[in-house]
Amino acid sequence: MKGFGQYVIFLGTLLVRRESFKTYYSLVVEESLQIGVKSATLFALVATFIGAVTTVQTAYNMITPFIPKYIIANVVREMVVLELAPTIMAIIFAGKIGSSMAGGLGTMRITEQVDALEVMGINSASYLVLPKIIASLIMYPLLVIVAGICALLGGYLVGKIGGFISGEDFILGLRFSFDSYSITFALIKAFAFAFLISSISSFKGYYTQGGALEVGQATTAAVTSSIISVLVADYLLAQLLYVR
Amino acid sequence: MIKIKNITKSFSGKSVIKGISGEFDKGKTNLIIGSSGTGKSVLLKCIVGLISPDAGNVFYDLRNFTEADKDVKSEIRREIGMLFQGGALFDSKSVEKNVMFPLDVLTTMSYEQKLERVNFCLQRVGLENVNKKMPSEISGGMKKRVGIARAIVNNPNYLFCDEPNSGLDPQTSIVIDDLIGEITHEFNITTVVVTHDMNSVMGIGEKIMFLYKGDKLWEGSSAEIMHSGVKELDDFVFSNKVMQSLRSQS
């Protein structure tokens, strides 16, 4: 509970004594490039294979001739949009971006770079962390969209090349009983996960004390805590958002 | 001038600073000296506000920094330049961007004005043609110089240096010491240096405060330090053979 209290106070400090809009604008652009562009390839690659594997597994498990083939694509779509794109990608996001945030901030802390900002009269938490959170909120939903498209594309290609489902059936399955609320749901989850991962990782990194060993520990703690919080939030959001 | 009054600080019940008071004069190189673990760096951090003291006050030209609200604190901090032990340069920024950083964040100067000021400061600390280098590409001594350039770029009224010579060879240490002394006089800054290096004490120490186990045991000038009559200070000052031979000669 003490840690949670510190986290809430930390979030509060991000919003006081802020610098000018211009300063944040350039920092957010810089962070967005770091987060988005440098992660896009990894996300696309992982998502493509996840989509492909999901298609293969679904096809192997639908052996009854009473279920039409396009249901394979339908199942893949629901899994990708609702869980694989926002949630599994969040775990990858925590591993790649969360660890980088915690490690970077931890190193800045132990090499007195954070102190240097404070001495200059700058709110170091706000200056260093707020742009990371804003950039994550902008880029992670975009990455989820990219991941979703790549996963469905991967599923389509493997289904067609492997002979599990024809291209027409796959498209039919994707369009069959489509509810656009699923996209809204996925994007709400993406925003929530982006906030949790970026803020928790930054929190862990920002309060690192000690040396290189502690930076490593903070990075591990950042990834672990982020993943657990994502999974808990995933469950809570599922409960909340399906009550319509 | 900076005045500290009854500064006290404890960590986990262990008293590190025990009610220290004193003054640091404008236009002088004021030194805080003492062995490792005596609380020098903690006192410095209390003065600049990186650590909140348990009791006591810090006054910057009669402005109570400890009890000031966040806006006043921020205003005072913008008049402070600080050189950290390891330089504390921002890894992701070039030398030029590091030195320009306080101007970027704290002023509304145009890029040309900022660049002119950065080049002046880099030249002042004896660095040229390093603008585009990254901190990882320069030596420890150069990092310290860049740190000094960054500390003075915004024309500070107060300059703090935490162990400016740590990790440097004796020759480079003298260069850094001289630079700190010169800048202090040239810009009429109140400079506070934390050190345990006797070369610095004898070289640039104009007003010296000696700490021992969290207490201020002695205050004086570098000329007086040889004859303080304080046993703990004598043990510290004459701990090396050069100083011992100096004493025997005198």
# chains A, B, ... in the order shown; residues from 1 in each chain; ligands from 1

call {"tool": "interface_residues", "arguments": {"of": "chain B", "to": "chain A", "cutoff": "9 Å", "atoms": "only C-alpha atoms", "output": "list in words"}}
result
Val48, Gly49, Leu50, Lys70, Asp71, Lys73, Ser74, Glu75, Ile76, Arg77, Arg78, Glu79, Ile80, Gly81, Met82, Leu83, Phe84, Gln85, Gly86, Gly87, Ala88, Leu89, Phe90, Asp91, Pro102, Asp104, Val105 and Leu106 of chain B

call {"tool": "write_last_selection", "arguments": {"atoms": "C-alpha atoms", "output": "JSON list (two decimals), in the first residue's frame"}}
result
[["chain", "number", "residue", "atom", "x", "y", "z"],
["B", 48, "VAL", "CA", 20.76, 23.49, -2.74],
["B", 49, "GLY", "CA", 17.49, 21.85, -1.70],
["B", 50, "LEU", "CA", 18.07, 18.36, -3.08],
["B", 70, "LYS", "CA", 7.71, 26.29, -4.66],
["B", 71, "ASP", "CA", 7.72, 29.32, -6.96],
["B", 73, "LYS", "CA", 12.39, 28.06, -4.57],
["B", 74, "SER", "CA", 12.24, 27.61, -8.31],
["B", 75, "GLU", "CA", 13.28, 31.25, -8.81],
["B", 76, "ILE", "CA", 16.27, 30.87, -6.47],
["B", 77, "ARG", "CA", 17.27, 27.60, -8.11],
["B", 78, "ARG", "CA", 17.43, 29.34, -11.46],
["B", 79, "GLU", "CA", 20.23, 31.46, -9.96],
["B", 80, "ILE", "CA", 22.18, 28.35, -9.02],
["B", 81, "GLY", "CA", 24.80, 26.52, -11.05],
["B", 82, "MET", "CA", 26.10, 23.18, -9.87],
["B", 83, "LEU", "CA", 28.98, 20.97, -10.85],
["B", 84, "PHE", "CA", 28.34, 17.37, -9.85],
["B", 85, "GLN", "CA", 30.89, 14.77, -8.83],
["B", 86, "GLY", "CA", 30.56, 12.78, -12.05],
["B", 87, "GLY", "CA", 29.70, 15.77, -14.22],
["B", 88, "ALA", "CA", 26.03, 14.64, -14.52],
["B", 89, "LEU", "CA", 25.98, 15.47, -18.20],
["B", 90, "PHE", "CA", 22.90, 14.29, -20.08],
["B", 91, "ASP", "CA", 24.04, 11.18, -21.96],
["B", 102, "PRO", "CA", 19.59, 25.64, -19.02],
["B", 104, "ASP", "CA", 16.62, 26.26, -23.55],
["B", 105, "VAL", "CA", 14.51, 25.65, -20.50],
["B", 106, "LEU", "CA", 14.98, 28.80, -18.47]]

call {"tool": "residues_around", "arguments": {"residues": "Ala147 in chain A", "least_positions_apart": "5", "cutoff": "7 Å", "atoms": "only C-alpha atoms", "output": "VMD selection string"}}
result
chain A and resid 43 to 44 47 85

call {"tool": "write_last_selection", "arguments": {"atoms": "C-alpha atoms", "output": "compact mmCIF listing (two decimals), in the first residue's frame"}}
result
# COMPACT_ATOMS: atom_id res chain seq x y z
CA PHE A 43 5.29 -5.30 -33.16
CA ALA A 44 4.50 -6.07 -36.79
CA ALA A 47 1.75 -9.77 -34.46
CA ALA A 85 -3.41 -7.03 -30.25

call {"tool": "atom_distance", "arguments": {"atom1": "CA of Phe4 in chain A", "atom2": "CA of Thr184 in chain A"}}
result
28.9 Å

call {"tool": "residues_around", "arguments": {"residues": "Trp218 in chain B", "least_positions_apart": "6", "cutoff": "9 Å", "atoms": "only C-alpha atoms", "output": "MDAnalysis selection string"}}
result
chainID B and resid 208:211 225 228 230 233

call {"tool": "write_last_selection", "arguments": {"atoms": "C-alpha atoms", "output": "mmCIF file, in the first residue's frame"}}
result
data_model
loop_
_atom_site.group_PDB
_atom_site.id
_atom_site.type_symbol
_atom_site.label_atom_id
_atom_site.label_comp_id
_atom_site.auth_asym_id
_atom_site.auth_seq_id
_atom_site.Cartn_x
_atom_site.Cartn_y
_atom_site.Cartn_z
ATOM 1 C CA ILE B 208 37.056 27.023 4.780
ATOM 2 C CA MET B 209 34.584 25.112 6.914
ATOM 3 C CA PHE B 210 35.838 21.848 8.430
ATOM 4 C CA LEU B 211 33.277 19.146 9.228
ATOM 5 C CA ILE B 225 44.452 26.092 8.551
ATOM 6 C CA SER B 228 44.279 25.753 13.758
ATOM 7 C CA VAL B 230 42.205 21.551 16.335
ATOM 8 C CA LEU B 233 41.669 19.147 11.579
#

call {"tool": "residues_around", "arguments": {"residues": "Leu44 in chain B", "least_positions_apart": "4", "cutoff": "10 Å", "atoms": "only C-alpha atoms", "output": "ChimeraX atom specification"}}
result
/B:32,39-40,48-51,160-162,192-194

call {"tool": "select_by_dssp", "arguments": {"residues": "range 34-192 of chain B", "states": "helix (DSSP H, G or I)", "output": "MDAnalysis selection string"}}
result
chainID B and resid 40:48 70:77 95:106 111:124 135:137 140:152 170:187

call {"tool": "residues_around", "arguments": {"residues": "Gly159 in chain A", "least_positions_apart": "2", "cutoff": "12 Å", "atoms": "only C-alpha atoms", "output": "PyMOL selection string"}}
result
chain A and resi 51-60+69-70+72-73+76+151-157+161-171+173

call {"tool": "residues_around", "arguments": {"residues": "range 170-180 of chain B", "least_positions_apart": "6", "cutoff": "7 Å", "atoms": "only C-alpha atoms", "output": "count of residues only"}}
result
4

call {"tool": "residues_around", "arguments": {"residues": "Ile138 in chain A", "least_positions_apart": "2", "cutoff": "9 Å", "atoms": "only C-alpha atoms", "output": "list of chain:residue names"}}
result
A:Ser32, A:Gly36, A:Ile133, A:Ile134, A:Ala135, A:Ser136, A:Tyr140, A:Pro141, A:Leu142, A:Phe191, A:Ala194

call {"tool": "closest_residue", "arguments": {"among": "A:Ser182, A:Gln209, A:Ser226, A:Thr41", "to": "Tyr242 in chain A", "atoms": "only C-alpha atoms"}}
result
A:Ser182

call {"tool": "atom_distance", "arguments": {"atom1": "CA of Asn30 in chain B", "atom2": "CA of Val201 in chain B"}}
result
9.6 Å

call {"tool": "closest_residue", "arguments": {"among": "B:Val118, B:Leu127, B:Met243, B:Leu168", "to": "Gly140 in chain B", "atoms": "only C-alpha atoms"}}
result
B:Leu168

call {"tool": "decode", "arguments": {"residues": "range 66-111 of chain A", "atoms": "N, CA and C atoms", "output": "CSV table (one decimal), in the first residue's frame"}}
result
chain,number,residue,atom,x,y,z
A,66,PHE,N,-19.6,-29.4,-39.7
A,66,PHE,CA,-20.8,-28.6,-39.5
A,66,PHE,C,-20.5,-27.1,-39.2
A,67,ILE,N,-19.3,-26.8,-38.9
A,67,ILE,CA,-18.9,-25.4,-38.7
A,67,ILE,C,-18.3,-24.9,-40.0
A,68,PRO,N,-18.9,-23.8,-40.6
A,68,PRO,CA,-18.3,-23.3,-41.9
A,68,PRO,C,-16.9,-22.8,-41.6
A,69,LYS,N,-16.1,-22.9,-42.7
A,69,LYS,CA,-14.7,-22.5,-42.6
A,69,LYS,C,-14.5,-21.0,-42.2
A,70,TYR,N,-15.4,-20.1,-42.7
A,70,TYR,CA,-15.2,-18.7,-42.4
A,70,TYR,C,-15.2,-18.4,-40.9
A,71,ILE,N,-15.7,-19.4,-40.1
A,71,ILE,CA,-15.7,-19.2,-38.6
A,71,ILE,C,-14.3,-19.1,-38.1
A,72,ILE,N,-13.3,-19.8,-38.8
A,72,ILE,CA,-11.9,-19.7,-38.4
A,72,ILE,C,-11.5,-18.3,-38.3
A,73,ALA,N,-11.7,-17.6,-39.4
A,73,ALA,CA,-11.3,-16.1,-39.5
A,73,ALA,C,-12.1,-15.3,-38.5
A,74,ASN,N,-13.4,-15.7,-38.2
A,74,ASN,CA,-14.2,-15.0,-37.3
A,74,ASN,C,-13.6,-15.1,-35.9
A,75,VAL,N,-13.1,-16.3,-35.5
A,75,VAL,CA,-12.5,-16.6,-34.2
A,75,VAL,C,-11.2,-15.8,-34.1
A,76,VAL,N,-10.4,-15.9,-35.2
A,76,VAL,CA,-9.1,-15.2,-35.2
A,76,VAL,C,-9.3,-13.7,-35.0
A,77,ARG,N,-10.3,-13.1,-35.7
A,77,ARG,CA,-10.6,-11.7,-35.6
A,77,ARG,C,-10.9,-11.3,-34.2
A,78,GLU,N,-11.8,-12.0,-33.6
A,78,GLU,CA,-12.2,-11.7,-32.2
A,78,GLU,C,-11.0,-11.8,-31.2
A,79,MET,N,-10.2,-12.9,-31.4
A,79,MET,CA,-9.1,-13.0,-30.5
A,79,MET,C,-8.1,-11.9,-30.7
A,80,VAL,N,-7.8,-11.6,-32.0
A,80,VAL,CA,-6.8,-10.6,-32.3
A,80,VAL,C,-7.3,-9.2,-31.8
A,81,VAL,N,-8.5,-8.8,-32.1
A,81,VAL,CA,-8.9,-7.5,-31.8
A,81,VAL,C,-9.1,-7.3,-30.3
A,82,LEU,N,-9.7,-8.3,-29.7
A,82,LEU,CA,-10.0,-8.2,-28.2
A,82,LEU,C,-8.9,-8.5,-27.3
A,83,GLU,N,-8.0,-9.4,-27.6
A,83,GLU,CA,-7.0,-9.8,-26.7
A,83,GLU,C,-5.6,-9.7,-27.2
A,84,LEU,N,-5.3,-10.4,-28.3
A,84,LEU,CA,-3.9,-10.5,-28.8
A,84,LEU,C,-3.3,-9.2,-29.1
A,85,ALA,N,-4.0,-8.3,-29.9
A,85,ALA,CA,-3.4,-7.0,-30.2
A,85,ALA,C,-3.2,-6.1,-29.0
A,86,PRO,N,-4.2,-5.9,-28.2
A,86,PRO,CA,-4.0,-4.9,-27.1
A,86,PRO,C,-3.2,-5.6,-25.9
A,87,THR,N,-3.5,-6.8,-25.6
A,87,THR,CA,-3.0,-7.3,-24.3
A,87,THR,C,-1.6,-8.0,-24.5
A,88,ILE,N,-1.5,-8.9,-25.5
A,88,ILE,CA,-0.2,-9.6,-25.7
A,88,ILE,C,0.8,-8.5,-26.1
A,89,MET,N,0.4,-7.6,-26.9
A,89,MET,CA,1.3,-6.5,-27.4
A,89,MET,C,1.8,-5.7,-26.2
A,90,ALA,N,0.9,-5.5,-25.2
A,90,ALA,CA,1.2,-4.8,-24.0
A,90,ALA,C,2.3,-5.4,-23.2
A,91,ILE,N,2.4,-6.7,-23.2
A,91,ILE,CA,3.4,-7.4,-22.6
A,91,ILE,C,4.8,-7.2,-23.3
A,92,ILE,N,4.7,-7.2,-24.6
A,92,ILE,CA,5.9,-6.9,-25.4
A,92,ILE,C,6.3,-5.4,-25.2
A,93,PHE,N,5.3,-4.5,-25.1
A,93,PHE,CA,5.5,-3.1,-24.9
A,93,PHE,C,6.2,-2.9,-23.5
A,94,ALA,N,5.8,-3.6,-22.5
A,94,ALA,CA,6.4,-3.5,-21.2
A,94,ALA,C,7.8,-4.0,-21.3
A,95,GLY,N,8.1,-5.1,-22.0
A,95,GLY,CA,9.4,-5.6,-22.1
A,95,GLY,C,10.4,-4.7,-22.8
A,96,LYS,N,9.9,-4.1,-23.9
A,96,LYS,CA,10.8,-3.3,-24.7
A,96,LYS,C,10.8,-1.8,-24.2
A,97,ILE,N,9.7,-1.2,-24.2
A,97,ILE,CA,9.6,0.2,-23.8
A,97,ILE,C,9.7,0.5,-22.3
A,98,GLY,N,8.9,-0.3,-21.6
A,98,GLY,CA,8.9,-0.2,-20.1
A,98,GLY,C,10.3,-0.3,-19.5
A,99,SER,N,11.0,-1.4,-20.0
A,99,SER,CA,12.3,-1.6,-19.4
A,99,SER,C,13.3,-0.5,-19.8
A,100,SER,N,13.1,0.0,-21.0
A,100,SER,CA,14.0,1.1,-21.5
A,100,SER,C,13.7,2.4,-20.7
A,101,MET,N,12.4,2.6,-20.4
A,101,MET,CA,12.1,3.8,-19.6
A,101,MET,C,12.7,3.7,-18.2
A,102,ALA,N,12.5,2.5,-17.5
A,102,ALA,CA,13.0,2.3,-16.2
A,102,ALA,C,14.5,2.4,-16.1
A,103,GLY,N,15.2,1.7,-17.1
A,103,GLY,CA,16.6,1.7,-17.1
A,103,GLY,C,17.2,3.1,-17.4
A,104,GLY,N,16.6,3.8,-18.3
A,104,GLY,CA,17.1,5.2,-18.6
A,104,GLY,C,16.9,6.1,-17.5
A,105,LEU,N,15.8,6.1,-16.8
A,105,LEU,CA,15.5,7.0,-15.7
A,105,LEU,C,16.4,6.6,-14.5
A,106,GLY,N,16.5,5.3,-14.3
A,106,GLY,CA,17.4,4.8,-13.2
A,106,GLY,C,18.8,5.2,-13.3
A,107,THR,N,19.3,5.1,-14.6
A,107,THR,CA,20.7,5.5,-14.8
A,107,THR,C,20.8,7.0,-14.6
A,108,MET,N,19.8,7.8,-15.1
A,108,MET,CA,19.9,9.2,-14.9
A,108,MET,C,19.9,9.6,-13.4
A,109,ARG,N,19.1,8.8,-12.6
A,109,ARG,CA,19.1,9.0,-11.2
A,109,ARG,C,20.4,8.8,-10.5
A,110,ILE,N,21.0,7.6,-10.8
A,110,ILE,CA,22.3,7.3,-10.1
A,110,ILE,C,23.5,8.1,-10.6
A,111,THR,N,23.4,8.7,-11.8
A,111,THR,CA,24.5,9.5,-12.3
A,111,THR,C,24.2,11.0,-12.0
